[in-house]
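S.K.: Got data29.txt for you, compact mmCIF, C-alpha atoms:
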# COMPACT_ATOMS: atom_id res chain seq x y z
CA MET A 1 -14.62 17.08 16.05
CA THR A 2 -11.83 19.33 14.77
CA THR A 3 -12.11 21.90 12.00
CA VAL A 4 -10.56 21.10 8.66
CA PRO A 5 -8.19 23.91 7.57
CA HIS A 6 -9.40 25.92 4.60
CA GLU A 7 -7.16 26.36 1.56
CA SER A 8 -6.78 30.08 2.23
CA ASP A 9 -5.98 29.74 5.94
CA ALA A 10 -2.52 30.77 7.10
CA LEU A 11 -0.14 27.88 7.68
CA PRO A 12 0.51 27.17 11.40
CA HIS A 13 4.26 26.66 10.86
CA PRO A 14 7.26 28.45 9.30
CA TYR A 15 8.24 25.66 6.88
CA SER A 16 7.89 25.44 3.11
CA PRO A 17 4.40 24.18 2.22
CA GLY A 18 4.14 20.57 1.12
CA THR A 19 7.43 19.43 2.65
CA ILE A 20 8.01 16.65 5.13
CA ARG A 21 9.02 19.13 7.88
CA ALA A 22 5.76 21.02 7.38
CA ALA A 23 3.60 17.91 7.73
CA TRP A 24 5.55 16.71 10.78
CA SER A 25 4.81 19.96 12.64
CA TYR A 26 1.16 18.90 13.24
CA ARG A 27 0.87 17.15 16.63
CA ALA A 28 -2.19 15.05 15.77
CA PHE A 29 -0.57 13.86 12.56
CA ARG A 30 2.64 12.92 14.42
CA THR A 31 0.66 10.97 17.01
CA VAL A 32 -1.24 8.87 14.50
CA TRP A 33 1.80 8.45 12.26
CA THR A 34 3.87 7.07 15.14
CA GLY A 35 1.17 4.67 16.34
CA GLN A 36 0.54 3.44 12.82
CA ALA A 37 4.28 2.99 12.21
CA LEU A 38 4.62 0.73 15.24
CA SER A 39 1.57 -1.25 14.20
CA GLN A 40 2.72 -1.51 10.59
CA THR A 41 6.06 -2.92 11.74
CA GLY A 42 4.16 -5.88 13.16
CA THR A 43 2.09 -6.13 9.99
CA TRP A 44 5.21 -6.36 7.83
CA MET A 45 6.62 -9.01 10.13
CA GLN A 46 3.52 -11.04 9.29
CA ASN A 47 3.73 -10.12 5.59
CA VAL A 48 7.21 -11.65 5.47
CA ALA A 49 6.82 -14.53 7.89
CA LEU A 50 3.41 -15.92 6.91
CA PRO A 51 3.91 -16.30 3.11
CA ALA A 52 7.38 -17.74 3.78
CA TYR A 53 5.81 -20.21 6.24
CA VAL A 54 3.21 -21.23 3.64
CA GLN A 55 5.83 -21.62 0.90
CA ALA A 56 8.11 -23.67 3.16
CA ARG A 57 5.30 -25.89 4.50
CA TRP A 58 3.33 -26.52 1.29
CA ASP A 59 5.87 -25.55 -1.46
CA SER A 60 3.17 -23.90 -3.56
CA GLY A 61 3.06 -20.46 -5.15
CA THR A 62 -0.65 -21.05 -5.67
CA LEU A 63 -1.26 -21.34 -1.93
CA VAL A 64 0.99 -18.35 -1.23
CA GLY A 65 -1.00 -16.29 -3.71
CA ALA A 66 -4.30 -17.43 -2.16
CA MET A 67 -3.08 -16.45 1.32
CA VAL A 68 -2.11 -13.00 0.08
CA PHE A 69 -5.55 -12.75 -1.53
CA ALA A 70 -7.15 -13.53 1.83
CA GLN A 71 -5.30 -10.58 3.33
CA LEU A 72 -5.61 -8.05 0.50
CA GLY A 73 -8.46 -9.33 -1.65
CA PRO A 74 -11.14 -7.77 0.58
CA MET A 75 -9.75 -4.38 -0.51
CA LEU A 76 -11.14 -5.11 -3.96
CA LEU A 77 -14.50 -6.35 -2.72
CA LEU A 78 -15.22 -4.18 0.32
CA SER A 79 -13.54 -0.81 -0.14
CA ILE A 80 -16.63 0.81 -1.64
CA PRO A 81 -19.06 -0.61 0.98
CA GLY A 82 -16.48 0.39 3.60
CA SER A 83 -16.47 3.97 2.34
CA VAL A 84 -20.28 4.14 2.50
CA LEU A 85 -20.38 2.70 6.03
CA ALA A 86 -17.54 4.95 7.19
CA ASN A 87 -19.36 8.00 5.85
CA LYS A 88 -22.42 7.14 7.96
CA ALA A 89 -20.87 5.69 11.12
CA PRO A 90 -19.33 7.77 13.94
CA ARG A 91 -15.81 8.10 12.59
CA LYS A 92 -13.71 7.69 15.73
CA PRO A 93 -15.51 4.59 17.10
CA TRP A 94 -15.22 3.07 13.64
CA LEU A 95 -11.47 3.71 13.53
CA LEU A 96 -11.08 2.13 16.96
CA THR A 97 -13.22 -0.95 16.28
CA MET A 98 -11.66 -2.17 13.03
CA PRO A 99 -8.04 -2.47 14.26
CA THR A 100 -9.35 -4.15 17.40
CA VAL A 101 -10.97 -6.82 15.20
CA GLN A 102 -7.68 -7.16 13.31
CA MET A 103 -5.82 -7.62 16.58
CA ALA A 104 -8.15 -10.42 17.69
CA ALA A 105 -7.80 -12.20 14.34
CA ALA A 106 -4.01 -11.83 14.42
CA LEU A 107 -3.82 -13.48 17.82
CA VAL A 108 -6.00 -16.35 16.61
CA LEU A 109 -3.77 -16.72 13.53
CA ALA A 110 -0.70 -16.94 15.77
CA TRP A 111 -2.32 -19.78 17.70
CA PHE A 112 -3.25 -21.62 14.47
CA VAL A 113 0.34 -21.47 13.24
CA HIS A 114 1.60 -22.63 16.64
CA ALA A 115 -0.75 -25.64 16.43
CA ASP A 116 0.17 -26.41 12.78
CA ALA A 117 -3.48 -25.98 11.88
CA SER A 118 -4.87 -26.64 8.41
CA TYR A 119 -4.42 -24.23 5.55
CA GLY A 120 -8.15 -23.51 5.66
CA LEU A 121 -8.02 -22.23 9.24
CA LEU A 122 -5.01 -20.05 8.49
CA PHE A 123 -6.78 -18.70 5.42
CA THR A 124 -9.92 -17.89 7.43
CA ALA A 125 -8.11 -15.99 10.18
CA THR A 126 -6.13 -14.04 7.59
CA ALA A 127 -9.33 -13.24 5.70
CA VAL A 128 -10.94 -11.80 8.85
CA MET A 129 -7.96 -9.48 9.21
CA GLY A 130 -8.28 -8.54 5.55
CA VAL A 131 -12.00 -7.76 5.85
CA ALA A 132 -11.47 -5.51 8.88
CA ASN A 133 -8.60 -3.74 7.13
CA ALA A 134 -10.67 -3.19 3.97
CA LEU A 135 -13.55 -1.71 5.97
CA ASN A 136 -11.16 0.50 7.93
CA ALA A 137 -8.89 1.78 5.15
CA PRO A 138 -11.20 4.31 3.43
CA ALA A 139 -12.13 5.95 6.75
CA PHE A 140 -8.56 5.97 8.03
CA GLN A 141 -6.89 7.19 4.85
CA SER A 142 -9.52 9.86 4.23
CA SER A 143 -9.27 11.20 7.80
CA ILE A 144 -5.50 11.34 8.29
CA PRO A 145 -4.75 13.80 5.42
CA MET A 146 -7.22 16.21 7.02
CA LEU A 147 -4.95 16.45 10.08
CA VAL A 148 -2.70 18.75 8.01
CA HIS A 149 -3.40 21.82 5.86
CA ARG A 150 -4.22 20.99 2.24
CA ARG A 151 -1.06 22.80 1.10
CA ASP A 152 0.96 20.37 3.22
CA LEU A 153 -0.73 17.29 1.78
CA ALA A 154 2.25 16.26 -0.37
CA GLY A 155 4.52 16.12 2.69
CA ALA A 156 1.95 14.10 4.65
CA ILE A 157 1.53 11.60 1.82
CA SER A 158 5.31 11.29 1.49
CA LEU A 159 5.62 10.64 5.23
CA ASN A 160 2.83 8.06 5.11
CA THR A 161 4.61 6.35 2.23
CA ALA A 162 7.88 6.49 4.17
CA GLN A 163 6.09 4.90 7.11
CA LEU A 164 4.80 2.06 4.96
CA ASN A 165 8.21 1.41 3.48
CA GLY A 166 10.23 2.10 6.62
CA THR A 167 8.23 -0.62 8.31
CA ARG A 168 8.67 -2.73 5.17
CA VAL A 169 12.40 -2.55 5.96
CA LEU A 170 12.17 -2.88 9.73
CA GLY A 171 9.69 -5.77 9.74
CA PRO A 172 11.84 -8.08 7.57
CA LEU A 173 14.99 -7.11 9.49
CA ILE A 174 13.30 -8.06 12.75
CA VAL A 175 12.12 -11.33 11.19
CA GLY A 176 15.66 -12.04 9.98
CA LEU A 177 17.13 -11.43 13.43
CA MET A 178 14.41 -13.48 15.09
CA THR A 179 15.03 -16.30 12.64
CA LEU A 180 18.69 -16.35 13.66
CA LEU A 181 17.55 -16.45 17.31
CA HIS A 182 15.17 -19.35 16.55
CA VAL A 183 12.02 -17.36 17.30
CA THR A 184 9.07 -19.24 15.83
CA VAL A 185 6.66 -17.91 13.21
CA SER A 186 3.79 -18.13 15.68
CA GLN A 187 5.68 -15.91 18.13
CA MET A 188 6.30 -13.37 15.38
CA LEU A 189 2.58 -13.34 14.57
CA LEU A 190 1.79 -12.92 18.26
CA ILE A 191 3.95 -9.79 18.30
CA ASN A 192 2.03 -8.49 15.30
CA GLY A 193 -1.24 -8.93 17.18
CA VAL A 194 0.02 -6.92 20.13
CA THR A 195 1.25 -4.02 17.93
CA PHE A 196 -2.33 -3.12 16.97
CA LEU A 197 -2.59 -1.57 20.43
CA PHE A 198 -0.32 1.26 19.25
CA VAL A 199 -2.64 2.49 16.52
CA VAL A 200 -5.72 2.04 18.73
CA GLY A 201 -4.03 4.14 21.43
CA ALA A 202 -3.03 6.84 18.93
CA ILE A 203 -6.56 7.18 17.53
CA ALA A 204 -7.97 7.33 21.06
CA ARG A 205 -5.71 10.31 21.90
CA ILE A 206 -6.71 12.68 19.10
CA GLU A 207 -9.76 14.33 17.63
CA ILE A 208 -10.67 13.08 14.18
CA PRO A 209 -11.81 15.71 11.64
CA VAL A 210 -14.81 14.56 9.64
CA VAL A 211 -16.19 15.95 6.40
CA ARG A 212 -19.23 13.96 5.31
CA ALA A 213 -19.73 13.25 1.65
CA GLN A 214 -23.13 14.09 0.20
CA MET A 215 -24.33 10.61 -0.57
CA ASP A 216 -26.77 9.56 -3.25
CA GLN A 217 -29.75 7.43 -2.33
CA GLY A 218 -30.06 3.66 -2.46
CA TRP A 219 -27.71 1.57 -4.55
CA ARG A 220 -26.33 4.69 -6.26
CA GLN A 221 -24.24 5.23 -3.11
CA LEU A 222 -22.05 2.30 -4.16
CA THR A 223 -21.22 3.82 -7.54
CA GLN A 224 -20.98 7.49 -6.56
CA GLY A 225 -17.20 7.50 -6.30
CA ILE A 226 -16.92 5.76 -9.68
CA ARG A 227 -19.09 8.45 -11.27
CA ILE A 228 -16.97 11.23 -9.74
CA ALA A 229 -13.73 9.64 -10.97
CA GLY A 230 -15.24 8.91 -14.38
CA SER A 231 -16.08 12.58 -14.87
CA ARG A 232 -12.47 13.70 -14.31
CA PRO A 233 -9.87 12.54 -16.85
CA THR A 234 -6.90 12.83 -14.47
CA LEU A 235 -8.48 10.77 -11.71
CA LEU A 236 -9.70 8.17 -14.17
CA ARG A 237 -6.35 7.81 -15.93
CA LEU A 238 -4.50 7.45 -12.61
CA LEU A 239 -6.98 4.84 -11.34
CA LEU A 240 -6.87 2.77 -14.51
CA SER A 241 -3.07 3.00 -14.68
CA MET A 242 -2.69 1.85 -11.09
CA THR A 243 -5.19 -0.97 -11.66
CA LEU A 244 -3.23 -2.33 -14.63
CA PHE A 245 0.10 -1.80 -12.87
CA SER A 246 -1.04 -3.67 -9.75
CA LEU A 247 -2.54 -6.54 -11.73
CA LEU A 248 0.23 -7.10 -14.27
CA ALA A 249 3.45 -5.71 -12.74
CA LEU A 250 3.08 -6.24 -8.99
CA PRO A 251 2.31 -9.96 -8.51
CA PHE A 252 5.93 -10.42 -7.41
CA VAL A 253 5.23 -8.40 -4.22
CA GLY A 254 2.83 -11.01 -2.81
CA LEU A 255 4.75 -13.89 -4.39
CA PHE A 256 8.14 -12.64 -3.17
CA PRO A 257 9.06 -15.92 -1.40
CA THR A 258 8.18 -17.90 -4.51
CA VAL A 259 10.33 -15.63 -6.71
CA ALA A 260 13.23 -15.80 -4.26
CA GLU A 261 13.15 -19.60 -4.05
CA LYS A 262 12.45 -20.50 -7.68
CA ALA A 263 14.58 -17.83 -9.39
CA MET A 264 17.41 -17.09 -6.94
CA ASN A 265 17.57 -20.26 -4.83
CA ILE A 266 16.99 -18.30 -1.61
CA HIS A 267 15.04 -20.33 0.94
CA PRO A 268 12.01 -18.35 2.20
CA ARG A 269 12.63 -19.30 5.84
CA SER A 270 16.25 -18.14 5.77
CA ALA A 271 17.70 -14.89 7.10
CA ALA A 272 18.97 -14.19 3.55
CA TYR A 273 15.36 -13.98 2.38
CA SER A 274 14.56 -11.43 5.09
CA TRP A 275 17.60 -9.35 4.09
CA LEU A 276 16.46 -9.42 0.45
CA TYR A 277 12.98 -8.25 1.38
CA ALA A 278 14.47 -5.56 3.60
CA SER A 279 16.73 -4.27 0.82
CA PHE A 280 13.69 -3.98 -1.46
CA GLY A 281 11.81 -2.22 1.33
CA PHE A 282 14.69 0.16 2.04
CA GLY A 283 14.70 1.21 -1.60
CA ALA A 284 10.93 1.74 -1.42
CA LEU A 285 11.42 3.86 1.71
CA LEU A 286 13.87 6.17 -0.06
CA GLY A 287 11.69 6.33 -3.17
CA GLY A 288 8.66 7.37 -1.15
CA LEU A 289 10.59 9.92 0.91
CA SER A 290 12.10 11.50 -2.18
CA VAL A 291 8.69 12.77 -3.36
CA GLY A 292 8.36 15.01 -0.30
CA SER A 293 12.03 15.99 -0.08
CA VAL A 294 14.28 15.84 -3.17
CA PHE A 295 11.29 16.20 -5.51
CA ALA A 296 9.10 18.34 -3.23
CA ARG A 297 9.01 21.23 -5.70
CA VAL A 298 8.79 19.07 -8.82
CA ASP A 299 5.47 18.65 -10.61
CA LYS A 300 4.47 15.12 -9.61
CA ARG A 301 3.17 14.46 -13.11
CA ARG A 302 6.74 14.71 -14.41
CA LEU A 303 7.90 11.92 -12.08
CA ILE A 304 5.43 9.30 -13.23
CA PRO A 305 6.71 8.29 -16.73
CA PRO A 306 10.41 7.95 -15.76
CA ALA A 307 9.43 6.03 -12.61
CA PHE A 308 7.46 3.57 -14.76
CA LEU A 309 10.47 3.20 -17.06
CA GLY A 310 12.91 2.63 -14.20
CA PHE A 311 10.57 0.10 -12.61
CA ALA A 312 10.32 -1.80 -15.91
CA VAL A 313 14.09 -2.06 -16.28
CA PHE A 314 14.77 -3.25 -12.74
CA LEU A 315 11.78 -5.62 -12.62
CA PHE A 316 13.06 -7.33 -15.77
CA LEU A 317 16.57 -7.62 -14.29
CA PHE A 318 15.19 -8.88 -10.98
CA GLY A 319 13.38 -11.70 -12.75
CA GLN A 320 16.46 -12.79 -14.69
CA LEU A 321 18.76 -13.21 -11.67
CA ARG A 322 19.84 -16.75 -10.86
CA SER A 323 21.71 -16.22 -7.61
CA ALA A 324 21.47 -14.09 -4.49
CA GLY A 325 24.47 -11.83 -5.09
CA LEU A 326 22.97 -9.21 -7.40
CA SER A 327 19.44 -9.57 -6.04
CA TYR A 328 20.13 -7.12 -3.20
CA PRO A 329 21.19 -4.04 -5.25
CA VAL A 330 18.67 -4.76 -8.00
CA GLY A 331 15.91 -5.27 -5.44
CA PHE A 332 16.93 -2.01 -3.78
CA ALA A 333 16.72 -0.08 -7.07
CA LEU A 334 13.41 -1.76 -7.89
CA GLY A 335 12.03 -0.61 -4.53
CA ILE A 336 13.08 3.00 -5.20
CA CYS A 337 11.25 3.11 -8.53
CA TYR A 338 8.23 1.27 -7.13
CA PHE A 339 7.35 3.72 -4.39
CA LEU A 340 8.59 6.86 -6.07
CA LEU A 341 5.98 5.96 -8.67
CA ALA A 342 3.24 4.99 -6.22
CA THR A 343 3.76 8.10 -4.07
CA ALA A 344 3.80 10.48 -7.04
CA MET A 345 0.60 8.93 -8.40
CA ASN A 346 -1.12 8.96 -5.01
CA THR A 347 -0.14 12.60 -4.41
CA GLU A 348 -1.42 13.71 -7.80
CA TYR A 349 -4.62 11.71 -7.25
CA GLN A 350 -5.35 13.28 -3.86
CA LEU A 351 -4.66 16.80 -5.14
CA HIS A 352 -7.59 16.40 -7.53
CA MET A 353 -10.31 15.86 -4.92
CA ASP A 354 -12.18 17.82 -2.28
CA HIS A 355 -12.20 16.73 1.36
CA SER A 356 -15.90 15.88 1.05
CA GLU A 357 -15.08 13.41 -1.75
CA ARG A 358 -12.04 11.85 -0.13
CA VAL A 359 -13.69 8.87 1.59
CA LEU A 360 -15.37 7.84 -1.69
CA LEU A 361 -12.40 8.34 -4.00
CA MET A 362 -9.79 6.80 -1.69
CA ALA A 363 -11.86 3.61 -1.65
CA LEU A 364 -11.29 3.37 -5.40
CA TRP A 365 -7.56 3.93 -4.93
CA PHE A 366 -7.39 1.03 -2.46
CA MET A 367 -9.22 -1.17 -4.93
CA ALA A 368 -6.73 -0.24 -7.66
CA PHE A 369 -3.54 -0.40 -5.58
CA GLY A 370 -4.25 -2.87 -2.80
CA GLY A 371 -7.13 -4.86 -4.25
CA MET A 372 -5.68 -5.80 -7.64
CA VAL A 373 -2.35 -7.11 -6.29
CA PRO A 374 -3.92 -10.24 -4.76
CA VAL A 375 -5.87 -10.84 -7.96
CA GLY A 376 -2.53 -10.90 -9.75
CA ASN A 377 -1.24 -13.34 -7.11
CA ILE A 378 -4.18 -15.67 -7.71
CA VAL A 379 -3.68 -15.52 -11.49
CA PHE A 380 0.10 -15.70 -11.65
CA GLY A 381 0.86 -17.91 -8.62
CA PRO A 382 -0.05 -21.09 -10.59
CA VAL A 383 1.86 -19.73 -13.60
CA MET A 384 4.99 -19.38 -11.48
CA ASP A 385 4.50 -22.93 -10.22
CA HIS A 386 4.47 -24.26 -13.80
CA ILE A 387 6.96 -22.11 -15.72
CA GLY A 388 8.83 -20.19 -13.03
CA PRO A 389 8.78 -16.47 -12.21
CA ARG A 390 10.99 -15.08 -14.98
CA TRP A 391 8.35 -14.81 -17.69
CA VAL A 392 5.84 -13.38 -15.22
CA LEU A 393 8.21 -10.58 -14.19
CA ALA A 394 9.19 -9.95 -17.82
CA MET A 395 5.52 -9.48 -18.70
CA GLY A 396 5.19 -7.05 -15.80
CA ALA A 397 8.14 -5.08 -17.16
CA VAL A 398 6.46 -4.81 -20.57
CA ALA A 399 3.24 -3.62 -18.92
CA SER A 400 5.17 -0.96 -16.98
CA LEU A 401 6.86 0.24 -20.18
CA SER A 402 3.46 0.66 -21.82
CA LEU A 403 2.08 2.56 -18.83
CA ALA A 404 4.99 5.01 -18.97
CA TRP A 405 3.44 6.29 -22.19
CA TRP A 406 -0.23 5.79 -21.31
CA CYS A 407 -0.02 7.60 -17.94
CA ASP A 408 1.92 10.61 -19.20
CA LEU A 409 -0.50 13.19 -17.78
CA ILE A 410 1.30 16.21 -19.23
CA ARG A 411 1.11 14.74 -22.73
CA LEU A 412 -2.60 14.09 -22.21
CA GLU A 413 -3.14 17.67 -21.04
CA ARG A 414 -1.41 19.07 -24.10
CA ARG A 415 -3.48 16.83 -26.36
CA ARG A 416 -6.70 17.97 -24.72
CA ALA A 417 -5.60 21.60 -24.94
CA ALA A 418 -4.97 21.15 -28.66
CA ARG A 419 -8.57 19.99 -28.96
CA GLY A 420 -9.76 23.18 -27.30
CA THR A 421 -10.45 21.70 -23.84
CA ALA A 422 -8.45 21.67 -20.63
CA LEU A 423 -7.73 18.81 -18.32
CA GLU A 424 -9.56 19.51 -15.09
CA VAL A 425 -7.59 20.91 -12.14
Any chance you could give the structure as structure tokens?

M.R.:
Amino acid sequence: MTTVPHESDALPHPYSPGTIRAAWSYRAFRTVWTGQALSQTGTWMQNVALPAYVQARWDSGTLVGAMVFAQLGPMLLLSIPGSVLANKAPRKPWLLTMPTVQMAAALVLAWFVHADASYGLLFTATAVMGVANALNAPAFQSSIPMLVHRRDLAGAISLNTAQLNGTRVLGPLIVGLMTLLHVTVSQMLLINGVTFLFVVGAIARIEIPVVRAQMDQGWRQLTQGIRIAGSRPTLLRLLLSMTLFSLLALPFVGLFPTVAEKAMNIHPRSAAYSWLYASFGFGALLGGLSVGSVFARVDKRRLIPPAFLGFAVFLFLFGQLRSAGLSYPVGFALGICYFLLATAMNTEYQLHMDHSERVLLMALWFMAFGGMVPVGNIVFGPVMDHIGPRWVLAMGAVASLSLAWWCDLIRLERRRAARGTALEV
């Protein structure tokens, strides 16, 4: 077990604190980041190929939304139990076991697609992957930030966001090229299964720092993180804002093939669809990177309202497009606003917690960010089937506009100060 750096410890590098270069200087962080990036590339191949396969085979946004729920819905249901289990279990064996389960389920899913199995079997295999991911995420995401000094946390979060969105670009590009080369969906899913070996190998090579949370007794363990967040206005406002944003403004992420087909006449099994998803992902990559580079010295609270506003504008435009031509630049701009916003909110959220609270509070973040998206897919998938995607995306734009005001943390701090109290630091 490694020692977690204390806030007052000297930095082990010559770079500006909180930047991308500073975070990259930690060997253990680089090792895990690289392994996770290779694994996530396979995951995004599946995220593009599987919903497109479902849309093309069954022509149903409802079934696409249900499949996304199978993959991400467990985040909503199991993140808190996962945080409790991760706090008690030996951390490194836990982090090795869960991706191994995901790998096995991914290989089974590849076989089911190859055999043109029923929707129910595909749903089950995807759900097993989702359960293992939900149980793993709180432990993984609470351990990795501790591989860097707390003052370098912003750079590490920006790099992790860049990893997510870099693979969001690379995965669809690979799928597009493979589609042109007539590689089957089952073969793409097989590749995804194999890529889990990279993250397992990376975790095996490093020591994982562990700071145990002081857990309450009995059933109170399951609500401890909620009580901590509820006692801190900043954490609570960020969690509620992300919950509403994910539910109302982000259904298009899981229903991307349905939006592309019904609004822009782009077939979900075409290379054009993969290029569209990649352009959105490339924008998200740049948006996430900007928080730890261009905006490294900017108060992250100041980035949140304009990012909400920009997202609202480009989401509305994206939903009104009727052909492929403009979808690429608009999707690119939408991606920039999307992950500039998500990264700024995540950074601000993590700066308001101690290491001992991280495993509990990050579980709530996964519920808000990852867990509510599939709920939106379940709710709005049938709506898209009946009235099309344009009204759904327009409603998401209105929700984002409202959140630009409601999640203005600086305004809230000034209001609390006027009342004679201070927003907690």

S.K.: Measure the distance from atom CA of Gln55 of chain A to atom CA of Pro251 of chain A in Å and round it to one decimal.

M.R.: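 Computed distance, atom CA of Gln55 of chain A to atom CA of Pro251 of chain A, equals 15.4 Å.
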
S.K.: What does the distance from atom CA of Ile174 of chain A to atom CA of Ser25 of chain A come to in Å, to one decimal?

M.R.: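 That distance, rounded to one decimal, is 29.3 Å.
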
S.K.: Distance atom CA of Val148 of chain A-atom CA of Leu361 of chain A, one decimal place?

M.R.: 18.6 Å

S.K.: Could you check which of A:Arg297, A:Arg411, A:His267, A:His114 is closest to Leu190 of chain A, using all atoms listed in the file?

M.R.: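 For Leu190 of chain A, the nearest of the given residues is A:His114.
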
S.K.: So that I can check the surroundings of Phe380 of chain A, please list as a ChimeraX atom specification every protein, DNA and RNA residue that reaches within 12 Å of it, counting all atoms listed in the file and ignoring chain neighbours fewer than 2 positions away.

M.R.: /A:60-66,69,247-255,258-259,373-378,382-393,395-396

S.K.: Extract, using only C-alpha atoms, all DNA, RNA and protein residues at most 7 Å from segment 196-198 of chain A, discarding same-chain residues fewer than 6 positions from it, and format them as a list in words.

M.R.: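 These residues fall inside the cut-off: Gly35, Gln36, Leu38, Ser39, Pro99 and Met103 of chain A.
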
S.K.: So which residues touch segment 132-141 of chain A within 7 Å, counting all atoms listed in the file, skipping near sequence neighbours fewer than 3 positions away, as a list in words?

M.R.: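 The residues satisfying every condition are Pro74, Met75, Leu78, Ser79, Gly82, Ser83, Ala86, Leu95, Met98, Val101, Gln102, Val128, Met129, Ile144, Pro145, Val359, Met362 and Ala363 of chain A.
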
S.K.: Of the candidates A:Ser16, A:Ser402, A:Gln46, A:Thr347, which shows the shortest atom-to-atom distance to Thr184 of chain A, using only C-alpha atoms?

M.R.: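 Counting only C-alpha atoms, the residue closest to Thr184 of chain A is A:Gln46.
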
S.K.: For Ala70 of chain A, which residue out of A:Val32, A:Ile20, A:Met45, A:Ala125 is the nearest one, using only C-alpha atoms?

M.R.: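 Smallest separation from Ala70 of chain A among the options: A:Ala125.
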
S.K.: So, with all atoms listed in the file as the atoms that count, which of A:Val54, A:Ala368, A:Val48, A:Ile208 lies closest to Arg237 of chain A?

M.R.: A:Ala368
